[in-house]
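Colleague: First, the structure itself, so that you have it in front of you.
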Number of protein chains: 2
Amino acid sequence: MINLIIADAELELIPAKIAGHPSVRATSSRRRRRAEECLLDSSLHHSAMNALLDAGRRGRPDIVHFCLLLAMDSPVNTEEDGLRVFVHTRNDIVLRFHPAIRLPRNYGRFTGLMEELLSIGEIVSPAGQQLASSARQTLGELVHELGSQAIAFSEEGKPDYSLSFLRQYTDMTLIIGGFPHGAFLSDVSKYAVSTVSIAKGKLMAWTVVATVLAAYRLTRLWQI
Amino acid sequence: MINLIIADAELELIPAKIAGHPSVRATSSRRRRRAEECLLDSSLHHSAMNALLDAGRRGRPDIVHFCLLLAMDSPVNTEEDGLRVFVHTRNDIVLRFHPAIRLPRNYGRFTGLMEELLSIGEIVSPAGQQLASSARQTLGELVHELGSQAIAFSEEGKPDYSLSFLRQYTDMTLIIGGFPHGAFLSDVSKYAVSTVSIAKGKLMAWTVVATVLAAYRLTRLWQI
C-alpha cells in the first residue's frame, strides 16, 4: 500500500487580512461566497497577495488539482486499490479522499469542491457516503498515524534517479511537496527515513507524482 | 528520440454554426475576440454544443493542457532533450512546440495561447524565435514525416502492461488520443506498427503520457 501525501500544499481559503482587496471582492461576488470561504488563487489574487508572507508561492490550487487527478487515475489506485491519497496544507489541514471519489476535471468545479471541503469539513455523496474530509493535523502526526516508512522528495535530496527505494519497501508513505518552488515548510527530515531527488533538475509536483506511481507499478510488473 | 503525438485532440476554435448561442457570445465578449477565434470548451459551451456532431467528446482543451505540461516537464524533455511534442486535432491541424517553450500553468492563459496559435498560425518570442506553429496536416502525413516506428495506445489494443515495446526501439513515435473517451477518428492502424493497451481499464490521456515517459526513462536507467 502506498500512502501519497501532497505536503505543505499551497491550498488555503483567502486570509481575512486581504478580504477587502478589489480582486478578492470580485472573486467573492462571482462565487457568491464570503471571501474567507473562497480559495486563494495566485492567478486571480496576485496583487492582493503582496500583503501576505511567502506571497510568491501561495495560492496554487492548480498543483493540488493536477496531482490528485493523476493519483486518482493511476492504475495503482483504480486497478490495484493500492493507494491512499492525502493533502496536507500550509495551515496544517489534512484532506483525505475516498479511493473511489470522482474529482472534477474542470478547475472551476474543483475549486468549488475544495472550498466546500475546507469550509464544511467533509463532502458527502447524495447516498450519504463520506467522499472526502478535512481536519487539523500536522504532517508529522499524519506520517506517524500512517505508520509505514516515509520517503520525501526534494531536489536537495540524495540522488536516486532509478528510484531504487521502490524495491526496498512494500508499504510506504511518499511525501511530495505541493508547492511551486522552495523548500518544505514542515520539518520533513524528522519524519522521513530518506529524502531523495529523482532527477537532476527541479520537477513540478505532478511530474513526481506521475513518475513515482508509474515506476511503482512497473517495478512489480518487471519484477525487479 | 521520442515523438509524442496527442492525436485527434478535442481542441478547436468555436464552429461558426454555434457562434450565436448565448454561452458562446458570453465567451466572445469576455475574451474580446470573435467567437470563431475562441476555443470551444465543453465546460462553458455545453448546451450550445448539442447542435454539433460528437458533442459528447468535443471541446476539451484541458486534456491537451495537462498532457503538454506533463510532457514538457518530463526529464526526457528537460534533461535529455529526447522529446518532440505534437498535437494533432480533430480538424487535422498539427501544432508543433519548441522543446524550450514555457507553457502557462494557468488554464485561462493556456487557452489564450492556443487561440493565438490556431488563429495566427504561430507564436513568436519577443526576441523573434518561433516557439510554436500550427498548420494543416493529417495524422498519417505527420507520422510519415517523422519516420520512426509508431506505437498507438488504446484500451482496445494488445495488452502490454509492462510496456515491453519500449525495449524494442530507440526512436519511436507515440500516438496518444487527446479525447475523453471513444476511439481515434484517424485510421491509426494504418500508421502504427502496433496498438497497445497499458492497463486493464480506461486511462485518461495524461496518465498515458506520464506513464510512458516515466517508463521510457526508467527502462534506460534500469538498463533492462
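Following the order of the C-alpha cells, first chain is A, next is B, and so on, with residues numbered from 1 inside each chain and ligands from 1 in the order they appear.
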Give the residues of chain B that lie within 6 Å of chain A; count only C-alpha atoms, and format the answer as a PDB file with all heavy atoms, in the first residue's frame.

Modeller:
```
ATOM      1  N   SER B 162       3.507  -4.192 -19.195  1.00  0.00           N
ATOM      2  CA  SER B 162       4.881  -3.923 -18.762  1.00  0.00           C
ATOM      3  C   SER B 162       5.625  -3.041 -19.770  1.00  0.00           C
ATOM      4  O   SER B 162       6.823  -2.809 -19.629  1.00  0.00           O
ATOM      5  CB  SER B 162       5.632  -5.228 -18.539  1.00  0.00           C
ATOM      6  OG  SER B 162       5.779  -5.903 -19.769  1.00  0.00           O
ATOM      7  N   ALA B 210       2.168  10.418 -18.931  1.00  0.00           N
ATOM      8  CA  ALA B 210       3.058  10.361 -17.771  1.00  0.00           C
ATOM      9  C   ALA B 210       3.668   8.976 -17.602  1.00  0.00           C
ATOM     10  O   ALA B 210       4.871   8.840 -17.325  1.00  0.00           O
ATOM     11  CB  ALA B 210       2.295  10.759 -16.506  1.00  0.00           C
ATOM     12  N   THR B 211       2.858   7.940 -17.777  1.00  0.00           N
ATOM     13  CA  THR B 211       3.333   6.570 -17.577  1.00  0.00           C
ATOM     14  C   THR B 211       4.393   6.207 -18.603  1.00  0.00           C
ATOM     15  O   THR B 211       5.447   5.644 -18.274  1.00  0.00           O
ATOM     16  CB  THR B 211       2.153   5.582 -17.686  1.00  0.00           C
ATOM     17  OG1 THR B 211       1.173   5.940 -16.715  1.00  0.00           O
ATOM     18  CG2 THR B 211       2.606   4.145 -17.448  1.00  0.00           C
ATOM     19  N   ALA B 214       7.701   8.215 -18.057  1.00  0.00           N
ATOM     20  CA  ALA B 214       8.406   7.721 -16.871  1.00  0.00           C
ATOM     21  C   ALA B 214       9.033   6.360 -17.167  1.00  0.00           C
ATOM     22  O   ALA B 214      10.198   6.110 -16.831  1.00  0.00           O
ATOM     23  CB  ALA B 214       7.453   7.620 -15.681  1.00  0.00           C
ATOM     24  N   LEU B 221      17.513   3.783 -17.353  1.00  0.00           N
ATOM     25  CA  LEU B 221      18.213   3.881 -16.067  1.00  0.00           C
ATOM     26  C   LEU B 221      18.394   2.493 -15.444  1.00  0.00           C
ATOM     27  O   LEU B 221      19.413   2.211 -14.818  1.00  0.00           O
ATOM     28  CB  LEU B 221      17.436   4.780 -15.112  1.00  0.00           C
ATOM     29  CG  LEU B 221      17.535   6.288 -15.386  1.00  0.00           C
ATOM     30  CD1 LEU B 221      16.505   7.033 -14.552  1.00  0.00           C
ATOM     31  CD2 LEU B 221      18.927   6.810 -15.055  1.00  0.00           C
TER      32      LEU B 221
END
```

Colleague: Give the helix (DSSP H, G or I) residues of chain A, as DSSP finds them on the backbone, and put them as JSON, numbers by chain.

Modeller: {"A": [16, 17, 18, 22, 23, 24, 25, 26, 27, 28, 29, 30, 31, 35, 36, 37, 48, 49, 50, 51, 61, 62, 63, 64, 65, 66, 67, 68, 69, 70, 71, 72, 73, 75, 76, 77, 78, 107, 108, 109, 110, 111, 112, 113, 114, 115, 116, 117, 118, 119, 120, 139, 140, 141, 142, 143, 144, 145, 146, 164, 165, 166, 167, 188, 189, 190, 191, 205, 206, 207, 208, 209, 210, 211, 212, 213, 214, 215, 216, 217, 218, 219, 220, 221]}

Colleague: Identify which of the residues B:Ile101, B:Met1, B:Glu116, B:Thr89 lies closest to Leu166 in chain B, counting only C-alpha atoms when measuring atom-to-atom distances.

Modeller: B:Met1

Colleague: Compile the contact shell of Ser23 in chain B as a ChimeraX atom specification: residues with an atom at most 8 Å away, counting only C-alpha atoms, same-chain residues fewer than 4 positions apart removed.

Modeller: /B:27,44-45,47-48

Colleague: Please produce a file of the residues just selected, as a PDB file, in the first residue's frame, where the atoms kept are N, CA, C and O atoms.

Modeller:
```pdb
ATOM      1  N   THR B  27     -18.619  34.080 -23.940  1.00  0.00           N
ATOM      2  CA  THR B  27     -17.169  33.832 -24.027  1.00  0.00           C
ATOM      3  C   THR B  27     -16.502  34.877 -24.914  1.00  0.00           C
ATOM      4  O   THR B  27     -15.475  35.474 -24.557  1.00  0.00           O
ATOM      5  N   LEU B  44     -17.911  25.309 -20.701  1.00  0.00           N
ATOM      6  CA  LEU B  44     -18.583  26.603 -20.880  1.00  0.00           C
ATOM      7  C   LEU B  44     -19.718  26.536 -21.901  1.00  0.00           C
ATOM      8  O   LEU B  44     -20.704  27.265 -21.786  1.00  0.00           O
ATOM      9  N   HIS B  45     -19.559  25.678 -22.922  1.00  0.00           N
ATOM     10  CA  HIS B  45     -20.473  25.722 -24.075  1.00  0.00           C
ATOM     11  C   HIS B  45     -21.296  24.453 -24.213  1.00  0.00           C
ATOM     12  O   HIS B  45     -21.689  24.066 -25.308  1.00  0.00           O
ATOM     13  N   SER B  47     -24.402  23.478 -23.527  1.00  0.00           N
ATOM     14  CA  SER B  47     -25.726  23.458 -24.178  1.00  0.00           C
ATOM     15  C   SER B  47     -25.615  23.857 -25.650  1.00  0.00           C
ATOM     16  O   SER B  47     -26.286  23.279 -26.508  1.00  0.00           O
ATOM     17  N   ALA B  48     -24.735  24.807 -25.955  1.00  0.00           N
ATOM     18  CA  ALA B  48     -24.545  25.199 -27.361  1.00  0.00           C
ATOM     19  C   ALA B  48     -24.060  24.021 -28.189  1.00  0.00           C
ATOM     20  O   ALA B  48     -24.402  23.886 -29.377  1.00  0.00           O
TER      21      ALA B  48
END
```

Colleague: Would you pick out the contacts of Gln149 in chain B at 8 Å or less, using only C-alpha atoms, so that residues sharing its chain but fewer than 5 positions from it are not included, and give the list as a short mmCIF file (atom, residue, chain, number, x, y, z; two decimals) with N, CA, C and O atoms, in the first residue's frame?

Modeller:
```
data_model
loop_
_atom_site.label_atom_id
_atom_site.label_comp_id
_atom_site.auth_asym_id
_atom_site.auth_seq_id
_atom_site.Cartn_x
_atom_site.Cartn_y
_atom_site.Cartn_z
N TYR B 169 12.60 -0.43 -29.45
CA TYR B 169 13.03 0.67 -30.32
C TYR B 169 13.79 1.72 -29.52
O TYR B 169 13.54 1.91 -28.34
N ASP B 171 14.30 4.94 -31.24
CA ASP B 171 13.49 6.06 -31.71
C ASP B 171 12.08 5.56 -31.95
O ASP B 171 11.89 4.48 -32.51
N MET B 172 11.11 6.32 -31.52
CA MET B 172 9.74 5.90 -31.79
C MET B 172 8.78 7.09 -31.74
O MET B 172 9.09 8.13 -31.16
N THR B 173 7.64 6.90 -32.40
CA THR B 173 6.57 7.89 -32.40
C THR B 173 5.42 7.30 -31.60
O THR B 173 4.94 6.21 -31.91
N ALA B 192 0.40 2.87 -37.43
CA ALA B 192 1.13 2.36 -36.27
C ALA B 192 1.52 0.91 -36.48
O ALA B 192 0.72 0.12 -36.99
N VAL B 193 2.74 0.55 -36.09
CA VAL B 193 3.15 -0.86 -36.20
C VAL B 193 2.40 -1.70 -35.17
O VAL B 193 2.17 -2.88 -35.38
#
```

Colleague: Tell me, in Å to one decimal, how far CA of Gly20 in chain B is from CA of Asn91 in chain B.

Modeller: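 Computing the Euclidean distance for CA of Gly20 in chain B and CA of Asn91 in chain B yields 21.3 Å.
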
Colleague: List as a count of residues only the protein and nucleic acid residues near Arg34 in chain A, meaning an atom at most 12 Å away when only C-alpha atoms are counted, but skip any in the same chain fewer than 3 places from it.

Modeller: 19

Colleague: Between CA of Gly56 in chain B and CA of Glu10 in chain B, what distance in Å does the model show, to one decimal?

Modeller: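 Rounded to one decimal, the two atoms are 10.7 Å apart.
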
Colleague: Might you pull out every residue within 7 Å of Leu4 in chain A, with only C-alpha atoms counted and same-chain residues fewer than 4 positions away left off, and present them as a PDB file with N, CA, C and O atoms, in the first residue's frame?

Modeller:
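Contents of the output file out_19.pdb:
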```pdb
ATOM      1  N   ARG A  84      -3.572   5.357  -1.053  1.00  0.00           N
ATOM      2  CA  ARG A  84      -4.382   6.289  -0.254  1.00  0.00           C
ATOM      3  C   ARG A  84      -3.770   7.670  -0.442  1.00  0.00           C
ATOM      4  O   ARG A  84      -2.552   7.811  -0.335  1.00  0.00           O
ATOM      5  N   VAL A  85      -4.621   8.665  -0.698  1.00  0.00           N
ATOM      6  CA  VAL A  85      -4.120   9.986  -1.047  1.00  0.00           C
ATOM      7  C   VAL A  85      -4.523  11.013   0.014  1.00  0.00           C
ATOM      8  O   VAL A  85      -5.683  11.039   0.453  1.00  0.00           O
ATOM      9  N   PHE A  86      -3.564  11.823   0.400  1.00  0.00           N
ATOM     10  CA  PHE A  86      -3.786  12.866   1.405  1.00  0.00           C
ATOM     11  C   PHE A  86      -3.212  14.178   0.894  1.00  0.00           C
ATOM     12  O   PHE A  86      -2.189  14.181   0.205  1.00  0.00           O
ATOM     13  N   THR A 173       5.091   5.502   2.679  1.00  0.00           N
ATOM     14  CA  THR A 173       4.431   6.795   2.648  1.00  0.00           C
ATOM     15  C   THR A 173       5.316   7.739   1.851  1.00  0.00           C
ATOM     16  O   THR A 173       6.485   7.915   2.187  1.00  0.00           O
ATOM     17  N   LEU A 174       4.765   8.281   0.765  1.00  0.00           N
ATOM     18  CA  LEU A 174       5.545   9.165  -0.097  1.00  0.00           C
ATOM     19  C   LEU A 174       5.122  10.605   0.152  1.00  0.00           C
ATOM     20  O   LEU A 174       3.928  10.929   0.111  1.00  0.00           O
ATOM     21  N   ILE A 175       6.098  11.466   0.418  1.00  0.00           N
ATOM     22  CA  ILE A 175       5.818  12.865   0.746  1.00  0.00           C
ATOM     23  C   ILE A 175       6.317  13.746  -0.388  1.00  0.00           C
ATOM     24  O   ILE A 175       7.522  13.867  -0.618  1.00  0.00           O
TER      25      ILE A 175
END
```

Colleague: Show me, as a list in words, the residues that have an atom within 9 Å of Leu142 in chain B when counting only C-alpha atoms, minus same-chain residues fewer than 5 positions from it.

Modeller: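 Everything that qualifies: His88, Val94, Gln137 and Gly147 of chain B.
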
Colleague: Using N, CA, C and O atoms, can you export the residues from the last selection as a PDB file, in the first residue's frame?

Modeller:
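Wrote out.pdb, looks like this:
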```pdb
ATOM      1  N   HIS B  88      -2.145  16.869 -32.721  1.00  0.00           N
ATOM      2  CA  HIS B  88      -2.926  16.766 -33.956  1.00  0.00           C
ATOM      3  C   HIS B  88      -4.397  16.852 -33.564  1.00  0.00           C
ATOM      4  O   HIS B  88      -4.842  16.134 -32.668  1.00  0.00           O
ATOM      5  N   VAL B  94      -1.986  20.426 -37.159  1.00  0.00           N
ATOM      6  CA  VAL B  94      -0.892  19.927 -36.309  1.00  0.00           C
ATOM      7  C   VAL B  94      -0.169  21.105 -35.661  1.00  0.00           C
ATOM      8  O   VAL B  94       0.252  22.047 -36.344  1.00  0.00           O
ATOM      9  N   GLN B 137      -2.366  19.386 -41.487  1.00  0.00           N
ATOM     10  CA  GLN B 137      -1.654  18.139 -41.761  1.00  0.00           C
ATOM     11  C   GLN B 137      -2.471  16.997 -41.136  1.00  0.00           C
ATOM     12  O   GLN B 137      -2.985  17.137 -40.031  1.00  0.00           O
ATOM     13  N   GLY B 147       8.909   9.559 -39.479  1.00  0.00           N
ATOM     14  CA  GLY B 147       9.742   8.461 -39.969  1.00  0.00           C
ATOM     15  C   GLY B 147       9.952   7.278 -39.047  1.00  0.00           C
ATOM     16  O   GLY B 147      10.160   6.175 -39.516  1.00  0.00           O
TER      17      GLY B 147
END
```

Colleague: Taking the chain letters and numbering used in this document, name the residues of range 182-212 of chain A that DSSP puts in strand (DSSP E), as a PyMOL selection string.

Modeller: chain A and resi 194-197

Colleague: What would the file look like if the residues just selected were written as a PDB file, in the first residue's frame with N, CA, C and O atoms?

Modeller:
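What landed in again_20.pdb:
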```pdb
ATOM      1  N   SER A 194      14.274   8.769   4.411  1.00  0.00           N
ATOM      2  CA  SER A 194      15.222   9.394   3.492  1.00  0.00           C
ATOM      3  C   SER A 194      14.536  10.423   2.614  1.00  0.00           C
ATOM      4  O   SER A 194      13.320  10.377   2.404  1.00  0.00           O
ATOM      5  N   THR A 195      15.317  11.366   2.130  1.00  0.00           N
ATOM      6  CA  THR A 195      14.835  12.372   1.194  1.00  0.00           C
ATOM      7  C   THR A 195      15.610  12.169  -0.093  1.00  0.00           C
ATOM      8  O   THR A 195      16.846  12.191  -0.084  1.00  0.00           O
ATOM      9  N   VAL A 196      14.889  11.935  -1.186  1.00  0.00           N
ATOM     10  CA  VAL A 196      15.560  11.591  -2.438  1.00  0.00           C
ATOM     11  C   VAL A 196      15.241  12.607  -3.531  1.00  0.00           C
ATOM     12  O   VAL A 196      14.199  13.267  -3.515  1.00  0.00           O
ATOM     13  N   SER A 197      16.168  12.704  -4.472  1.00  0.00           N
ATOM     14  CA  SER A 197      15.987  13.525  -5.667  1.00  0.00           C
ATOM     15  C   SER A 197      15.916  12.559  -6.848  1.00  0.00           C
ATOM     16  O   SER A 197      16.781  11.701  -7.007  1.00  0.00           O
TER      17      SER A 197
END
```
